[in-house]
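protein_19.cif (mmCIF, C-alpha atoms and all ligand atoms)
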data_work
loop_
_atom_site.label_atom_id
_atom_site.label_comp_id
_atom_site.auth_asym_id
_atom_site.auth_seq_id
_atom_site.Cartn_x
_atom_site.Cartn_y
_atom_site.Cartn_z
CA MET A 1 24.88 15.01 -17.15
CA ASP A 2 22.96 18.25 -17.46
CA LEU A 3 19.33 17.60 -16.56
CA SER A 4 18.25 21.23 -16.40
CA ARG A 5 15.33 20.59 -18.78
CA GLY A 6 14.18 17.65 -16.66
CA VAL A 7 13.45 14.02 -17.48
CA LEU A 8 10.48 12.15 -18.95
CA VAL A 9 9.35 8.87 -17.35
CA THR A 10 7.17 6.41 -19.27
CA GLY A 11 5.15 3.83 -17.33
CA ALA A 12 5.25 6.33 -14.46
CA ASP A 13 2.59 4.41 -12.48
CA GLY A 14 4.60 1.16 -12.47
CA GLN A 15 6.77 0.15 -9.54
CA LEU A 16 10.03 1.30 -11.14
CA GLY A 17 8.39 4.33 -12.77
CA THR A 18 7.16 5.49 -9.37
CA ALA A 19 10.66 5.15 -7.86
CA LEU A 20 12.25 7.00 -10.81
CA CYS A 21 9.76 9.87 -10.46
CA GLU A 22 10.73 10.16 -6.81
CA GLN A 23 14.50 9.91 -7.47
CA PHE A 24 14.51 12.59 -10.20
CA ALA A 25 11.89 14.90 -8.63
CA ASP A 26 14.51 17.62 -7.98
CA VAL A 27 15.25 18.11 -11.72
CA GLY A 28 11.60 18.12 -12.84
CA VAL A 29 9.79 15.03 -14.13
CA VAL A 30 7.29 14.70 -16.97
CA ALA A 31 5.57 11.60 -15.56
CA LEU A 32 3.43 9.76 -18.10
CA SER A 33 1.28 6.82 -17.11
CA ARG A 34 -0.29 4.52 -19.68
CA ALA A 35 -3.43 6.72 -19.64
CA GLN A 36 -1.31 9.72 -20.64
CA TRP A 37 0.79 7.91 -23.24
CA ASP A 38 0.09 4.43 -24.51
CA VAL A 39 3.57 3.71 -25.88
CA THR A 40 2.21 1.42 -28.61
CA LEU A 41 1.32 4.76 -30.23
CA PRO A 42 3.69 7.56 -31.27
CA PRO A 43 4.41 10.21 -28.60
CA PRO A 44 1.55 12.63 -27.95
CA ARG A 45 2.00 16.11 -29.42
CA GLY A 46 3.10 19.00 -27.27
CA LEU A 47 5.40 17.22 -24.83
CA PRO A 48 8.08 19.52 -23.40
CA GLU A 49 11.72 18.98 -24.42
CA VAL A 50 13.66 17.03 -21.80
CA ASP A 51 17.30 15.97 -21.36
CA LEU A 52 16.59 12.28 -20.74
CA VAL A 53 13.90 9.64 -21.23
CA LEU A 54 13.60 6.95 -18.57
CA HIS A 55 11.63 4.29 -20.41
CA ALA A 56 9.98 2.20 -17.67
CA ALA A 57 6.76 1.31 -19.54
CA ALA A 58 6.64 -2.35 -20.50
CA TRP A 59 4.48 -5.43 -20.87
CA THR A 60 5.66 -7.22 -17.69
CA ASN A 61 3.11 -10.05 -17.53
CA VAL A 62 5.56 -12.87 -18.30
CA ASP A 63 2.94 -15.63 -18.50
CA GLY A 64 0.40 -13.46 -20.35
CA ALA A 65 2.95 -12.73 -23.06
CA GLU A 66 2.97 -16.40 -24.12
CA ALA A 67 -0.68 -16.15 -25.24
CA SER A 68 -0.37 -12.60 -26.64
CA PRO A 69 3.09 -12.34 -28.22
CA GLN A 70 2.12 -9.61 -30.67
CA ASP A 71 0.61 -7.41 -27.97
CA ALA A 72 3.69 -7.89 -25.79
CA ALA A 73 5.96 -6.98 -28.71
CA ALA A 74 3.86 -3.92 -29.53
CA VAL A 75 4.50 -2.57 -26.01
CA ASN A 76 8.08 -3.73 -25.48
CA VAL A 77 9.57 -3.30 -28.95
CA GLY A 78 7.18 -0.79 -30.56
CA GLY A 79 7.10 1.20 -27.32
CA THR A 80 10.89 1.49 -27.26
CA GLN A 81 10.93 2.67 -30.89
CA HIS A 82 8.33 5.31 -30.03
CA ALA A 83 10.28 6.43 -26.94
CA LEU A 84 13.32 6.99 -29.18
CA GLU A 85 11.22 9.30 -31.36
CA LEU A 86 11.35 11.84 -28.52
CA GLY A 87 14.95 12.47 -29.61
CA ALA A 88 16.46 12.58 -26.10
CA PRO A 89 19.04 10.14 -24.65
CA LEU A 90 17.24 7.03 -23.42
CA VAL A 91 17.53 4.61 -20.53
CA LEU A 92 15.88 1.27 -21.39
CA PHE A 93 15.15 -1.25 -18.66
CA SER A 94 15.69 -4.87 -19.64
CA THR A 95 15.65 -8.16 -17.83
CA ASP A 96 17.50 -11.22 -16.55
CA TYR A 97 14.96 -13.25 -18.56
CA VAL A 98 17.03 -12.63 -21.73
CA PHE A 99 19.19 -15.53 -20.45
CA ASP A 100 18.37 -19.25 -20.54
CA GLY A 101 19.68 -19.90 -17.02
CA ARG A 102 22.00 -22.77 -17.95
CA LYS A 103 25.16 -20.97 -16.79
CA PRO A 104 26.01 -22.00 -13.22
CA GLU A 105 27.67 -18.65 -12.41
CA PRO A 106 26.22 -15.10 -12.49
CA TYR A 107 25.54 -13.66 -15.94
CA LEU A 108 27.84 -10.90 -17.20
CA GLU A 109 27.20 -8.34 -19.96
CA SER A 110 29.39 -10.36 -22.36
CA ASP A 111 27.35 -13.57 -21.94
CA ALA A 112 25.19 -14.54 -24.91
CA PRO A 113 21.46 -14.08 -24.34
CA ASN A 114 19.07 -16.89 -25.22
CA PRO A 115 15.60 -16.05 -23.94
CA LEU A 116 13.26 -18.92 -23.06
CA SER A 117 10.03 -16.91 -23.08
CA VAL A 118 8.11 -14.51 -25.32
CA TYR A 119 8.63 -11.79 -22.71
CA GLY A 120 12.41 -12.36 -22.73
CA ARG A 121 12.49 -12.30 -26.53
CA THR A 122 10.55 -9.03 -26.76
CA LYS A 123 12.88 -7.41 -24.20
CA LEU A 124 15.93 -8.57 -26.17
CA GLN A 125 14.38 -7.07 -29.30
CA ALA A 126 13.77 -3.88 -27.33
CA GLU A 127 17.49 -3.78 -26.46
CA ALA A 128 18.33 -4.04 -30.16
CA ALA A 129 15.81 -1.30 -30.98
CA ALA A 130 17.31 1.00 -28.33
CA GLY A 131 20.74 0.54 -29.92
CA ASP A 132 24.26 1.43 -28.76
CA ASP A 133 23.38 5.00 -27.99
CA ALA A 134 21.11 4.15 -25.05
CA TRP A 135 21.88 3.04 -21.53
CA ILE A 136 20.44 -0.49 -21.39
CA VAL A 137 19.96 -1.55 -17.78
CA ARG A 138 19.36 -5.26 -17.27
CA THR A 139 17.91 -5.86 -13.84
CA SER A 140 16.05 -8.63 -12.02
CA TRP A 141 13.28 -9.57 -9.57
CA LEU A 142 12.08 -6.00 -9.00
CA HIS A 143 10.05 -5.09 -5.95
CA GLY A 144 8.76 -1.80 -4.63
CA TRP A 145 5.95 -0.21 -2.72
CA THR A 146 3.44 0.04 -5.61
CA SER A 147 2.11 -2.19 -8.39
CA THR A 148 2.15 -5.99 -8.32
CA ASN A 149 5.29 -7.67 -7.07
CA PHE A 150 6.47 -10.72 -5.12
CA VAL A 151 6.91 -8.87 -1.81
CA ARG A 152 3.39 -7.44 -1.85
CA THR A 153 1.91 -10.76 -2.99
CA MET A 154 3.67 -12.68 -0.20
CA LEU A 155 2.52 -10.15 2.42
CA ARG A 156 -1.07 -10.56 1.20
CA LEU A 157 -0.92 -14.36 1.11
CA GLY A 158 0.97 -14.52 4.43
CA ALA A 159 -1.85 -12.59 6.10
CA GLU A 160 -4.46 -15.02 4.71
CA ARG A 161 -2.78 -18.43 5.04
CA ASP A 162 -0.59 -20.55 7.33
CA GLU A 163 1.50 -21.82 4.44
CA VAL A 164 2.49 -20.77 0.92
CA ALA A 165 4.11 -22.91 -1.77
CA VAL A 166 7.10 -21.24 -3.43
CA VAL A 167 9.62 -22.52 -5.96
CA ASP A 168 13.15 -23.25 -4.77
CA ASP A 169 14.82 -24.10 -8.09
CA GLN A 170 15.09 -20.61 -9.59
CA ARG A 171 17.90 -18.39 -8.37
CA GLY A 172 18.18 -14.63 -8.88
CA SER A 173 18.88 -11.30 -7.24
CA PRO A 174 15.90 -9.39 -5.81
CA THR A 175 16.23 -5.70 -6.57
CA TYR A 176 14.57 -2.87 -4.69
CA VAL A 177 13.35 -0.18 -7.12
CA GLY A 178 14.50 2.63 -4.79
CA HIS A 179 18.07 1.33 -4.90
CA LEU A 180 17.88 0.82 -8.67
CA ALA A 181 16.56 4.34 -9.28
CA ALA A 182 19.46 5.81 -7.26
CA ALA A 183 21.94 3.70 -9.29
CA VAL A 184 20.42 4.96 -12.55
CA ARG A 185 21.24 8.46 -11.46
CA ARG A 186 24.90 7.46 -10.96
CA LEU A 187 24.88 5.64 -14.31
CA LEU A 188 24.28 8.86 -16.22
CA ASP A 189 27.93 9.84 -15.62
CA LEU A 190 29.11 6.55 -17.13
CA PRO A 191 29.26 5.49 -20.80
CA ARG A 192 26.13 4.39 -22.60
CA GLY A 193 25.63 0.72 -23.51
CA LEU A 194 24.72 -2.44 -21.65
CA TRP A 195 24.88 -2.59 -17.84
CA HIS A 196 23.83 -5.31 -15.40
CA ILE A 197 22.46 -3.72 -12.21
CA SER A 198 20.77 -5.89 -9.56
CA GLY A 199 20.60 -6.22 -5.81
CA GLY A 200 23.70 -7.69 -4.15
CA GLY A 201 23.75 -11.40 -3.29
CA ASP A 202 21.26 -13.94 -4.59
CA CYS A 203 18.61 -16.39 -3.41
CA THR A 204 15.77 -18.62 -4.57
CA TRP A 205 12.16 -17.42 -4.57
CA ALA A 206 11.52 -19.66 -1.55
CA GLU A 207 14.43 -18.06 0.35
CA PHE A 208 13.13 -14.65 -0.62
CA ALA A 209 9.65 -15.53 0.69
CA GLU A 210 11.15 -16.76 4.00
CA ALA A 211 13.10 -13.51 4.34
CA ILE A 212 9.94 -11.46 3.65
CA PHE A 213 8.00 -13.25 6.41
CA GLU A 214 10.95 -13.02 8.80
CA GLU A 215 11.58 -9.30 8.23
CA ALA A 216 7.86 -8.46 8.31
CA GLY A 217 7.14 -10.63 11.37
CA VAL A 218 4.52 -12.68 9.49
CA ASP A 219 3.79 -16.15 10.84
CA CYS A 220 3.56 -18.18 7.62
CA ARG A 221 5.44 -21.32 6.54
CA VAL A 222 7.10 -21.63 3.15
CA ARG A 223 6.62 -25.02 1.49
CA THR A 224 9.16 -25.48 -1.28
CA ILE A 225 8.02 -26.75 -4.66
CA SER A 226 9.68 -27.15 -8.05
CA THR A 227 9.11 -24.99 -11.12
CA ALA A 228 7.67 -28.09 -12.84
CA GLU A 229 5.06 -28.46 -10.08
CA LEU A 230 4.01 -24.81 -10.46
CA ASP A 231 3.42 -25.39 -14.19
CA ARG A 232 3.34 -21.77 -15.40
CA PRO A 233 2.88 -21.00 -19.12
CA ALA A 234 6.24 -19.21 -19.54
CA PRO A 235 9.53 -21.03 -18.94
CA ARG A 236 11.91 -19.19 -16.60
CA PRO A 237 15.69 -19.40 -16.27
CA ALA A 238 16.90 -21.59 -13.36
CA ASN A 239 19.76 -19.18 -12.74
CA SER A 240 19.40 -15.51 -13.63
CA VAL A 241 21.80 -13.87 -11.19
CA LEU A 242 23.25 -10.78 -12.90
CA ARG A 243 26.66 -9.26 -12.19
CA SER A 244 28.57 -6.54 -14.02
CA GLU A 245 32.04 -6.95 -15.46
CA ARG A 246 32.26 -3.25 -16.37
CA ALA A 247 34.62 -0.85 -14.62
CA ASP A 248 32.82 1.55 -12.27
CA ALA A 249 29.48 -0.30 -12.58
CA PRO A 250 27.05 0.99 -9.95
CA THR A 251 26.54 -1.67 -7.28
CA LEU A 252 23.43 -1.99 -5.12
CA PRO A 253 23.11 -2.93 -1.46
CA HIS A 254 22.48 -6.60 -0.63
CA TRP A 255 18.96 -7.76 -1.60
CA ARG A 256 18.04 -8.25 2.06
CA GLU A 257 18.78 -4.59 2.73
CA GLY A 258 16.60 -3.76 -0.27
CA LEU A 259 13.83 -5.87 1.21
CA ARG A 260 14.07 -3.99 4.52
CA ALA A 261 13.96 -0.65 2.67
CA CYS A 262 10.89 -1.79 0.72
CA LEU A 263 9.09 -2.96 3.86
CA GLY A 264 9.94 0.34 5.56
CA LYS A 265 8.42 2.24 2.66
CA LEU A 266 5.31 0.03 2.68
CA GLY A 267 4.76 1.08 6.29
CA PRO A 268 3.22 -0.79 9.21
CA ARG A 269 0.85 -3.67 8.48
CA ASP A 270 -2.32 -4.48 10.38
N1 LIG B 1 9.26 -6.64 -12.50
C1 LIG B 1 10.43 -7.28 -12.62
O1 LIG B 1 10.74 -8.19 -11.85
C2 LIG B 1 11.42 -6.86 -13.66
C3 LIG B 1 12.62 -7.56 -13.77
C4 LIG B 1 13.54 -7.16 -14.72
C5 LIG B 1 13.26 -6.09 -15.56
N2 LIG B 1 12.07 -5.44 -15.45
C6 LIG B 1 11.81 -4.32 -16.35
O2 LIG B 1 11.76 -3.14 -15.58
C7 LIG B 1 10.85 -2.21 -16.18
C8 LIG B 1 9.83 -1.73 -15.14
O3 LIG B 1 9.08 -2.85 -14.70
P1 LIG B 1 8.13 -2.78 -13.43
O4 LIG B 1 8.47 -3.93 -12.57
O5 LIG B 1 8.11 -1.41 -12.87
O6 LIG B 1 6.74 -3.12 -14.12
P2 LIG B 1 5.27 -2.61 -13.78
O7 LIG B 1 5.14 -2.29 -12.34
O8 LIG B 1 4.37 -3.63 -14.41
O9 LIG B 1 5.21 -1.26 -14.59
C9 LIG B 1 5.11 -1.21 -15.98
C10 LIG B 1 4.28 -0.03 -16.32
O10 LIG B 1 4.16 0.03 -17.74
C11 LIG B 1 2.81 0.35 -18.02
N3 LIG B 1 2.42 -0.05 -19.35
C12 LIG B 1 2.04 -1.27 -19.80
N4 LIG B 1 1.69 -1.19 -21.07
C13 LIG B 1 1.82 0.10 -21.44
C14 LIG B 1 1.57 0.81 -22.64
N5 LIG B 1 1.12 0.21 -23.75
N6 LIG B 1 1.82 2.15 -22.65
C15 LIG B 1 2.27 2.77 -21.55
N7 LIG B 1 2.49 2.16 -20.38
C16 LIG B 1 2.27 0.83 -20.34
C17 LIG B 1 2.01 -0.37 -16.97
O11 LIG B 1 0.72 0.19 -16.89
P3 LIG B 1 -0.52 -0.74 -16.45
O12 LIG B 1 -0.31 -1.02 -14.98
O13 LIG B 1 -1.69 0.13 -16.74
O14 LIG B 1 -0.45 -1.97 -17.27
C18 LIG B 1 2.86 -0.12 -15.73
O15 LIG B 1 2.52 1.10 -15.12
C19 LIG B 1 10.25 -2.94 -17.38
O16 LIG B 1 10.97 -2.59 -18.53
C20 LIG B 1 10.48 -4.41 -17.07
O17 LIG B 1 10.56 -5.18 -18.24
C21 LIG B 1 11.14 -5.79 -14.51
#
Just dump the structure as structure tokens.
Amino acid sequence: MDLSRGVLVTGADGQLGTALCEQFADVGVVALSRAQWDVTLPPPRGLPEVDLVLHAAAWTNVDGAEASPQDAAAVNVGGTQHALELGAPLVLFSTDYVFDGRKPEPYLESDAPNPLSVYGRTKLQAEAAAGDDAWIVRTSWLHGWTSTNFVRTMLRLGAERDEVAVVDDQRGSPTYVGHLAAAVRRLLDLPRGLWHISGGGDCTWAEFAEAIFEEAGVDCRVRTISTAELDRPAPRPANSVLRSERADAPTLPHWREGLRACLGKLGPRD
């Protein structure tokens, strides 16, 4: 795809937005944080014309969305509609939380979504708003070197405590934003439509936490608990492993390799 006029990234300060800005730096990036464009509003005037919009802005507070469904929809659905107003081809990022988690095997693009949470419902509505003419990338369990994510939270807690309690009855595929951003670049030579792109392999959150402590050399025990014990406002799918059934789908390195890449980017810890 010709990107000679550059790309525009929404939510450029988020963990994925940051990785996309880095990945596409060579073609020129119009990087817009929430302060520069609140996507619940129409696009600001005077933006340069670009060849592609990478729409990474989203309401990602899964539990917070339960209490503020309209605000979450304004960002996730309204924001997608506004991003389309730019008139350039769009990549929308969606989520494993569009599924209910009852399938025992990995979820494919042809599986029927049935979101359990407000967040999942707003992202599914965002997919519909983006339409067939967009690349819709469903991904899962993102982590990167900025913003709030499970890896950074575990490193913080692991430095403060001897033990953390983590759920072991939700299974998914952790995805490193650097690997995902590189795959998005490859995706632009493939047809538009729905694509599942996540880190290779799968694990539970507790297994992920153990791997984080092991790879980072942090001396902290993981005590496994159930989702019911954690008692969060938003229900989450028990299984949300994503796989693609599409020919030529970009595949990512194993999640553990993604974790090592993320830790390397985070740099040495005290
Ligand atoms: N995180 C995951 O595990 C995960 C899993 C699957 C799919 N996804 C999807 O992947 C995409 C990127 O997520 P992420 O993990 O990078 O999330 P993130 O780190 O929370 O980044 C989202 C960005 O969107 C910004 N934003 C929020 N409301 C906005 C608004 N009204 N206008 C403009 N910007 C706004 C946020 O700014 P503030 O920081 O100022 O709020 C933040 O910079 C999202 O579409 C998300 O749904 C994420």
- Item | Residues within 9 Å of ligand LIG 1 (chain B), counting only C-alpha atoms and all ligand atoms, as a VMD selection string | chain A and resid 10 to 19 32 to 41 55 to 61 71 to 72 74 to 76 79 92 to 97 119 to 120 123 137 to 144 146 to 150 174 to 175 177 198
- Item | Residue contacts of Leu194 (chain A) (10 Å, only C-alpha atoms) excluding same-chain residues fewer than 3 positions away, as a VMD selection string | chain A and resid 92 94 109 to 110 127 131 to 138 191 197 244 246
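Comparing the minimum interatomic distances between Asp169 (chain A) and each of A:Ile225, A:Leu8, A:Leu190, A:Leu124, counting all atoms listed in the file, we find that A:Ile225 sits nearest.
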- Using all atoms listed in the file, the shortest atom-to-atom distance to Leu242 (chain A) among A:Val9, A:Ala83, A:Val98, A:Ala25 belongs to A:Val98
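Near Gly158 (chain A), within 8 Å and counting all atoms listed in the file, sit Met154, Leu155, Arg156, Glu160, Arg161, Asp162, Glu163, Val164, Phe213, Val218, Asp219 and Cys220 of chain A, not including residues fewer than 2 positions from it in the same chain.
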